[in-house]
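Novice: Just so it is clear, I am handing over data-v8.tsv, which has TSV, C-alpha atoms and all ligand atoms.
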chain	number	residue	atom	x	y	z
A	1	MET	CA	0.00	0.00	0.00
A	2	PRO	CA	1.44	3.42	-0.86
A	3	MET	CA	2.02	5.97	1.87
A	4	GLN	CA	-0.93	8.26	2.54
A	5	VAL	CA	-0.84	11.63	4.27
A	6	LYS	CA	-3.98	13.09	5.83
A	7	PRO	CA	-4.04	16.37	7.76
A	8	LEU	CA	-5.15	15.93	11.37
A	9	GLY	CA	-6.29	19.45	12.04
A	10	GLU	CA	-6.49	22.96	10.69
A	11	VAL	CA	-3.38	24.20	12.45
A	12	MET	CA	-0.74	21.53	11.73
A	13	ALA	CA	-0.11	17.76	11.98
A	14	ALA	CA	-0.83	14.88	9.62
A	15	GLU	CA	-1.47	11.18	9.89
A	16	ILE	CA	0.67	8.82	7.83
A	17	THR	CA	-0.65	5.39	6.93
A	18	GLY	CA	0.59	2.64	4.63
A	19	VAL	CA	4.12	2.65	6.07
A	20	ASP	CA	5.89	-0.17	7.94
A	21	LEU	CA	9.10	1.14	9.45
A	22	CYS	CA	10.32	-2.40	10.19
A	23	ALA	CA	10.40	-3.17	6.45
A	24	PRO	CA	13.10	-1.70	4.19
A	25	VAL	CA	12.41	1.99	3.53
A	26	SER	CA	13.25	3.27	0.03
A	27	ASP	CA	14.93	6.63	-0.53
A	28	ALA	CA	11.71	7.88	-2.10
A	29	LEU	CA	9.66	6.93	0.98
A	30	LYS	CA	12.25	8.49	3.26
A	31	ALA	CA	12.06	11.72	1.26
A	32	SER	CA	8.24	11.67	1.44
A	33	LEU	CA	8.32	11.28	5.22
A	34	LYS	CA	10.75	14.18	5.56
A	35	GLN	CA	8.58	16.28	3.26
A	36	ALA	CA	5.52	15.46	5.38
A	37	ILE	CA	7.32	16.79	8.48
A	38	ALA	CA	8.31	19.96	6.61
A	39	ASP	CA	4.71	20.46	5.43
A	40	HIS	CA	2.85	19.52	8.64
A	41	LEU	CA	5.45	20.09	11.47
A	42	VAL	CA	4.04	17.12	13.39
A	43	ILE	CA	3.39	13.71	11.83
A	44	CYS	CA	1.83	10.62	13.31
A	45	ILE	CA	2.94	7.40	11.62
A	46	ARG	CA	0.17	4.95	12.51
A	47	ASP	CA	0.26	1.21	13.19
A	48	GLN	CA	3.94	0.69	14.02
A	49	ASP	CA	5.19	-2.23	16.11
A	50	LEU	CA	8.68	-1.28	17.27
A	51	THR	CA	11.13	-2.66	19.81
A	52	PRO	CA	13.50	-0.02	21.20
A	53	ARG	CA	16.14	-1.08	18.68
A	54	GLU	CA	13.68	-0.93	15.81
A	55	LEU	CA	12.57	2.50	17.01
A	56	ALA	CA	16.19	3.68	17.00
A	57	ASP	CA	16.73	2.23	13.51
A	58	ALA	CA	13.54	3.85	12.20
A	59	SER	CA	14.52	7.18	13.77
A	60	ARG	CA	17.88	7.05	12.00
A	61	LEU	CA	16.02	7.46	8.68
A	62	PHE	CA	15.60	11.12	9.66
A	63	GLY	CA	19.20	11.77	10.68
A	64	PRO	CA	21.84	10.91	13.28
A	65	LEU	CA	20.57	10.26	16.80
A	66	LYS	CA	21.71	11.66	20.10
A	67	THR	CA	21.77	10.12	23.53
A	68	PHE	CA	19.76	11.92	26.20
A	69	VAL	CA	21.60	13.90	28.89
A	70	LEU	CA	19.93	12.01	31.76
A	71	ARG	CA	21.53	8.54	31.99
A	72	GLU	CA	18.80	7.09	34.22
A	73	ASP	CA	16.14	7.45	31.54
A	74	ARG	CA	18.08	5.62	28.82
A	75	ILE	CA	17.15	2.10	27.73
A	76	ASP	CA	20.07	-0.36	27.95
A	77	GLU	CA	19.44	-2.25	24.70
A	78	ALA	CA	19.18	1.00	22.69
A	79	PRO	CA	20.86	3.93	24.49
A	80	GLU	CA	19.40	6.47	22.04
A	81	VAL	CA	15.94	5.58	23.29
A	82	SER	CA	14.79	7.04	26.59
A	83	ILE	CA	11.67	6.42	28.63
A	84	VAL	CA	9.02	9.05	29.33
A	85	SER	CA	6.86	7.53	32.04
A	86	ASN	CA	4.38	8.85	34.58
A	87	ARG	CA	6.28	6.68	37.09
A	88	PRO	CA	9.74	8.13	36.42
A	89	LYS	CA	12.73	6.35	37.92
A	90	LEU	CA	14.14	9.76	38.68
A	91	ASN	CA	11.17	10.46	40.97
A	92	ASP	CA	11.62	7.08	42.72
A	93	GLY	CA	8.86	5.61	40.60
A	94	LYS	CA	6.21	7.86	42.18
A	95	PRO	CA	3.36	9.06	39.90
A	96	LEU	CA	4.18	12.29	38.06
A	97	VAL	CA	3.30	13.75	34.67
A	98	GLN	CA	6.54	14.87	33.07
A	99	ALA	CA	6.68	17.76	30.61
A	100	LYS	CA	3.24	19.14	31.37
A	101	HIS	CA	4.12	22.76	30.58
A	102	TRP	CA	4.72	24.19	27.12
A	103	HIS	CA	8.25	23.70	25.87
A	104	THR	CA	10.44	22.84	22.93
A	105	ASP	CA	12.89	20.03	23.57
A	106	ASP	CA	16.46	20.50	24.49
A	107	SER	CA	16.70	24.28	24.18
A	108	TYR	CA	19.06	24.39	27.18
A	109	LEU	CA	21.71	22.95	24.85
A	110	ALA	CA	23.76	24.94	22.34
A	111	ALA	CA	22.48	22.67	19.55
A	112	PRO	CA	18.95	21.51	20.49
A	113	ALA	CA	17.50	18.38	18.89
A	114	THR	CA	15.90	19.11	15.53
A	115	LEU	CA	13.27	16.36	15.71
A	116	THR	CA	11.82	14.31	18.56
A	117	LEU	CA	10.13	10.94	18.00
A	118	LEU	CA	7.70	9.62	20.60
A	119	TYR	CA	6.26	6.11	20.48
A	120	ALA	CA	3.32	4.99	22.61
A	121	LYS	CA	4.08	1.91	24.72
A	122	THR	CA	1.42	2.05	27.45
A	123	LEU	CA	-1.52	4.45	27.28
A	124	PRO	CA	-4.13	5.40	29.87
A	125	LYS	CA	-7.68	4.44	28.97
A	126	ASP	CA	-8.60	8.05	28.23
A	127	GLY	CA	-6.54	11.21	27.88
A	128	GLY	CA	-2.81	11.61	28.20
A	129	ASP	CA	-2.87	13.60	24.97
A	130	THR	CA	0.12	15.58	23.71
A	131	GLU	CA	-0.58	19.15	22.63
A	132	PHE	CA	1.40	21.22	20.13
A	133	ILE	CA	1.78	24.89	19.22
A	134	ASN	CA	2.67	26.04	15.71
A	135	CYS	CA	5.36	28.68	16.32
A	136	TYR	CA	5.43	29.81	12.67
A	137	ASP	CA	1.79	30.80	13.08
A	138	VAL	CA	2.54	32.50	16.40
A	139	LEU	CA	5.19	34.70	14.83
A	140	ASP	CA	3.04	35.44	11.77
A	141	ALA	CA	0.19	36.57	14.00
A	142	LEU	CA	2.32	38.51	16.48
A	143	PRO	CA	1.35	42.21	16.54
A	144	ALA	CA	3.93	44.28	14.63
A	145	ALA	CA	4.98	46.28	17.69
A	146	MET	CA	5.71	43.13	19.69
A	147	ARG	CA	7.51	41.54	16.77
A	148	SER	CA	9.83	44.50	16.39
A	149	ARG	CA	10.61	44.36	20.10
A	150	VAL	CA	11.77	40.73	19.89
A	151	ALA	CA	13.40	41.03	16.47
A	152	ASN	CA	17.02	41.13	17.56
A	153	LEU	CA	16.78	39.68	21.04
A	154	ARG	CA	18.42	36.57	22.37
A	155	ALA	CA	17.07	34.57	25.30
A	156	VAL	CA	19.16	32.79	27.91
A	157	HIS	CA	18.07	29.13	28.25
A	158	LYS	CA	19.01	26.97	31.25
A	159	TYR	CA	18.32	23.42	32.34
A	160	LEU	CA	16.94	24.76	35.62
A	161	SER	CA	15.72	28.26	34.81
A	162	ARG	CA	14.49	30.92	37.20
A	163	ARG	CA	11.04	30.76	35.58
A	164	ASN	CA	10.73	27.00	35.31
A	165	ALA	CA	7.36	25.65	36.43
A	166	SER	CA	7.88	21.97	35.57
A	167	TRP	CA	9.38	19.17	37.56
A	168	VAL	CA	12.94	18.63	36.34
A	169	ALA	CA	15.12	15.68	37.18
A	170	GLU	CA	18.23	16.37	39.22
A	171	ARG	CA	21.41	16.03	37.23
A	172	SER	CA	24.61	14.31	38.24
A	173	ALA	CA	27.76	16.47	38.35
A	174	GLU	CA	28.71	15.06	34.94
A	175	GLU	CA	25.27	15.87	33.48
A	176	GLU	CA	25.38	19.35	34.98
A	177	ALA	CA	28.78	19.99	33.40
A	178	GLU	CA	27.28	19.05	30.02
A	179	THR	CA	24.52	21.65	30.38
A	180	PRO	CA	25.85	25.18	31.01
A	181	GLU	CA	23.45	28.06	30.17
A	182	VAL	CA	23.22	29.11	26.51
A	183	ASP	CA	21.54	31.84	24.52
A	184	HIS	CA	19.45	31.57	21.36
A	185	PRO	CA	17.72	34.04	19.05
A	186	MET	CA	14.04	34.59	19.85
A	187	ILE	CA	13.17	34.60	16.17
A	188	ARG	CA	14.54	31.52	14.50
A	189	THR	CA	14.85	30.75	10.80
A	190	HIS	CA	14.20	27.15	9.82
A	191	PRO	CA	17.11	26.04	7.62
A	192	LEU	CA	14.90	23.88	5.36
A	193	SER	CA	11.75	25.96	4.98
A	194	GLY	CA	13.46	29.35	5.26
A	195	ARG	CA	10.48	30.41	7.41
A	196	GLN	CA	10.81	32.28	10.68
A	197	SER	CA	9.16	31.24	13.93
A	198	LEU	CA	9.05	32.50	17.50
A	199	TYR	CA	11.63	30.38	19.34
A	200	ILE	CA	10.54	30.41	22.98
A	201	ASN	CA	10.58	27.89	25.79
A	202	PRO	CA	8.68	28.84	28.95
A	203	ASN	CA	10.41	26.05	30.89
A	204	ARG	CA	13.95	26.88	30.02
A	205	ILE	CA	14.17	30.59	29.24
A	206	ASP	CA	15.64	32.29	32.28
A	207	ARG	CA	15.76	35.85	30.96
A	208	ILE	CA	16.40	37.94	27.90
A	209	ALA	CA	20.12	38.39	27.36
A	210	GLY	CA	21.26	41.75	28.75
A	211	TRP	CA	17.90	42.54	30.39
A	212	SER	CA	16.96	42.68	34.07
A	213	ASP	CA	14.75	39.94	35.48
A	214	ALA	CA	11.82	42.35	35.83
A	215	GLU	CA	12.07	43.61	32.23
A	216	SER	CA	12.48	40.05	30.96
A	217	ASP	CA	9.47	38.82	32.91
A	218	ALA	CA	7.22	41.54	31.51
A	219	LEU	CA	8.02	40.72	27.88
A	220	LEU	CA	8.08	36.94	28.36
A	221	ASP	CA	4.71	36.95	30.12
A	222	GLU	CA	3.23	38.90	27.23
A	223	LEU	CA	4.73	36.60	24.60
A	224	TYR	CA	3.62	33.43	26.35
A	225	GLU	CA	0.09	34.65	26.82
A	226	PHE	CA	-0.06	35.37	23.11
A	227	ALA	CA	1.54	32.09	22.06
A	228	PHE	CA	-0.67	29.85	24.21
A	229	GLN	CA	-3.87	30.82	22.38
A	230	PRO	CA	-5.95	27.87	21.15
A	231	GLN	CA	-5.87	28.92	17.50
A	232	PHE	CA	-2.20	27.90	17.34
A	233	GLN	CA	-2.74	24.43	18.81
A	234	TYR	CA	-3.14	20.84	17.74
A	235	ARG	CA	-4.00	18.14	20.28
A	236	HIS	CA	-2.87	14.60	19.59
A	237	LYS	CA	-5.01	11.76	20.90
A	238	TRP	CA	-2.78	8.72	21.07
A	239	ARG	CA	-3.54	5.27	19.71
A	240	TYR	CA	-1.41	2.19	20.12
A	241	GLY	CA	0.97	1.95	17.19
A	242	ASP	CA	1.44	5.73	16.92
A	243	LEU	CA	4.92	7.07	16.28
A	244	VAL	CA	4.69	10.85	16.48
A	245	VAL	CA	7.52	12.96	15.08
A	246	TRP	CA	7.75	16.72	15.63
A	247	ASP	CA	10.06	19.51	14.62
A	248	ASN	CA	11.40	21.34	17.68
A	249	ARG	CA	12.61	24.23	15.52
A	250	CYS	CA	9.10	25.54	14.85
A	251	THR	CA	6.78	23.98	17.45
A	252	MET	CA	6.24	23.68	21.20
A	253	HIS	CA	4.47	20.85	22.97
A	254	ARG	CA	3.29	19.65	26.37
A	255	ALA	CA	1.96	16.47	27.91
A	256	ASN	CA	-1.62	16.96	29.00
A	257	ALA	CA	-1.90	16.11	32.70
A	258	ASP	CA	-5.69	15.96	32.71
A	259	TYR	CA	-6.14	12.19	33.06
A	260	ASP	CA	-6.25	9.53	35.75
A	261	ILE	CA	-2.61	9.30	36.82
A	262	ASP	CA	-3.26	5.98	38.56
A	263	GLN	CA	-3.12	4.56	35.05
A	264	PRO	CA	0.40	4.08	33.72
A	265	ARG	CA	1.51	5.97	30.64
A	266	VAL	CA	4.84	5.04	29.09
A	267	MET	CA	6.40	6.39	25.92
A	268	HIS	CA	9.68	5.68	24.18
A	269	ARG	CA	11.47	8.71	22.92
A	270	VAL	CA	14.31	9.47	20.52
A	271	MET	CA	15.89	12.80	19.68
A	272	LEU	CA	17.86	13.70	16.61
A	273	GLU	CA	21.23	15.42	16.75
A	274	GLY	CA	20.72	19.13	17.06
A	275	GLU	CA	21.73	22.27	15.27
A	276	ILE	CA	22.56	25.77	16.45
A	277	PRO	CA	19.45	27.99	16.21
A	278	ARG	CA	19.93	30.95	13.83
B	301	LIG	O1	4.66	12.72	27.18
B	301	LIG	C1	4.36	13.55	26.31
B	301	LIG	O2	3.24	13.62	25.81
B	301	LIG	C2	5.38	14.55	25.85
B	301	LIG	C3	6.69	14.29	26.45
B	301	LIG	C4	7.73	15.26	25.97
B	301	LIG	O3	7.65	16.43	26.19
B	301	LIG	C5	8.84	14.76	25.17
B	301	LIG	O4	8.94	13.55	24.95
B	301	LIG	O5	9.65	15.58	24.74
B	302	FE	FE	9.26	17.49	25.31
Translate this file's structure into structure tokens.

Specialist:
Amino acid sequence: MPMQVKPLGEVMAAEITGVDLCAPVSDALKASLKQAIADHLVICIRDQDLTPRELADASRLFGPLKTFVLREDRIDEAPEVSIVSNRPKLNDGKPLVQAKHWHTDDSYLAAPATLTLLYAKTLPKDGGDTEFINCYDVLDALPAAMRSRVANLRAVHKYLSRRNASWVAERSAEEEAETPEVDHPMIRTHPLSGRQSLYINPNRIDRIAGWSDAESDALLDELYEFAFQPQFQYRHKWRYGDLVVWDNRCTMHRANADYDIDQPRVMHRVMLEGEIPR
């Protein structure tokens, strides 16, 4: 069956069917998958049955993989795959929804992951959706006065930022040494599409480079309030077999915490090698 692409909403995201990532993938199919990500920012490849190693191999179709900073979350048989669970080892296995505030992955690094791949292993009966924001649309809709204020600014991103609202795992000394603070432009140009997006991360942005905390807070609060509007969002309802791939360069996401946390939710996750935001 040939690959089919069907948009999942008005804002972004598409469903891909007719693909088996465990079978050999031709160059043409690989190119079509990459094109689908460029066109839709988030894709959901349905009906996959992937061991961690198969997930890593499938992810490599999109580019070289990285290993996650936090050692504890890595899977032994495939170190590029990490576990996102609502019983995280790093919280002593106690129930907790990770990543429940808006963010883009990895922005505390100099070269954040371009794509993230998330594969559903165990899903709650209802809910546990992942929500996305289209940051191209956010920038396009930003009032001109606000856009000109952010035009040449850089934001300081940190693993544990002053403004962070999410639970973050403690790092070992080695992990901490790998994650010094960095700064990135607030308007980012996607190297493939050439389009600009608002590059913000409410979890990890500590302040605007060169600005006081108070001045930074005022502008960041305003930008976040604008960016979080529903017209920029897509909400993914997971099914078993879903492999969702998103582009961190032009989207944000969060795990929806509005479900019965007594039910386990476990995802396998891979990130692609990053690039320096420009
Ligand atoms: O669990 C989710 O829905 C999202 C987790 C997340 O933020 C990530 O894997 O980067
Ligand atoms: Fe994330």

Novice: Residues of chain A that approach ligand FE 302 (chain B) to 7 Å or less, counting all atoms listed in the file: could you list each one with the shortest pair of atoms and its distance in Å to one decimal, rows by chain and increasing residue number, as CSV?

Specialist:
residue,atom,partner,partner_atom,distance
A:Ala99,CA,B:FE302,FE,5.9
A:His103,CA,B:FE302,FE,6.3
A:Thr104,CA,B:FE302,FE,6.0
A:Asp105,CA,B:FE302,FE,4.8
A:His253,CA,B:FE302,FE,6.3
A:Arg254,CA,B:FE302,FE,6.4

Novice: Excluding Leu70 of chain A and its own-chain neighbours fewer than 5 positions away, which residues fall within 12 Å of it when counting only C-alpha atoms? Please give them as JSON, numbers by chain.

Specialist: {"A": [75, 79, 80, 81, 82, 83, 84, 88, 89, 90, 106, 159, 168, 169, 170, 171, 172, 173, 174, 175, 176, 178, 179]}

Novice: Dump C-alpha atoms for the selected residues as a PDB file, keeping the file's coordinate frame?

Specialist:
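Output saved as result01.pdb:
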ATOM      1  CA  ILE A  75      17.150   2.100  27.730  1.00  0.00           C
ATOM      2  CA  PRO A  79      20.860   3.930  24.490  1.00  0.00           C
ATOM      3  CA  GLU A  80      19.400   6.470  22.040  1.00  0.00           C
ATOM      4  CA  VAL A  81      15.940   5.580  23.290  1.00  0.00           C
ATOM      5  CA  SER A  82      14.790   7.040  26.590  1.00  0.00           C
ATOM      6  CA  ILE A  83      11.670   6.420  28.630  1.00  0.00           C
ATOM      7  CA  VAL A  84       9.020   9.050  29.330  1.00  0.00           C
ATOM      8  CA  PRO A  88       9.740   8.130  36.420  1.00  0.00           C
ATOM      9  CA  LYS A  89      12.730   6.350  37.920  1.00  0.00           C
ATOM     10  CA  LEU A  90      14.140   9.760  38.680  1.00  0.00           C
ATOM     11  CA  ASP A 106      16.460  20.500  24.490  1.00  0.00           C
ATOM     12  CA  TYR A 159      18.320  23.420  32.340  1.00  0.00           C
ATOM     13  CA  VAL A 168      12.940  18.630  36.340  1.00  0.00           C
ATOM     14  CA  ALA A 169      15.120  15.680  37.180  1.00  0.00           C
ATOM     15  CA  GLU A 170      18.230  16.370  39.220  1.00  0.00           C
ATOM     16  CA  ARG A 171      21.410  16.030  37.230  1.00  0.00           C
ATOM     17  CA  SER A 172      24.610  14.310  38.240  1.00  0.00           C
ATOM     18  CA  ALA A 173      27.760  16.470  38.350  1.00  0.00           C
ATOM     19  CA  GLU A 174      28.710  15.060  34.940  1.00  0.00           C
ATOM     20  CA  GLU A 175      25.270  15.870  33.480  1.00  0.00           C
ATOM     21  CA  GLU A 176      25.380  19.350  34.980  1.00  0.00           C
ATOM     22  CA  GLU A 178      27.280  19.050  30.020  1.00  0.00           C
ATOM     23  CA  THR A 179      24.520  21.650  30.380  1.00  0.00           C
TER      24      THR A 179
END

Novice: Using all atoms listed in the file for the distances, tell me which of A:Ile200, A:Val270, A:Leu96, A:Ala155 is nearest to Tyr224 of chain A.

Specialist: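 Looking at the shortest contact to Tyr224 of chain A, the residue is A:Ile200.
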
Novice: Compare A:Val5, A:Leu117, A:Leu65, A:Val156 by their minimum atom-to-atom distance to ligand LIG 301 (chain B), counting all atoms listed in the file, and give me the closest one.

Specialist: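 Using all atoms listed in the file, the shortest distance to ligand LIG 301 (chain B) belongs to A:Leu117.
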
Novice: In Å, rounded to a single decimal, give me how far atom CA of Val69 of chain A is from atom CA of Asp20 of chain A.

Specialist: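 Between atom CA of Asp20 of chain A and atom CA of Val69 of chain A the gap is 29.7 Å.
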
Novice: With 6 Å added on each side, what axis-aligned box encloses every listed atom of ligand LIG 301 (chain B)? Give the centre and edge lengths in Å to one decimal, as lines of an AutoDock Vina configuration file.

Specialist:
center_x = 6.4
center_y = 14.6
center_z = 26.0
size_x = 18.4
size_y = 15.7
size_z = 14.4

Novice: Mind checking which residues fall within 10 Å of Ile45 of chain A, counting only C-alpha atoms, ignoring those fewer than 3 positions away in the same chain, and posting them as a VMD selection string?

Specialist: chain A and resid 3 to 5 14 to 21 33 42 48 119 241 to 245
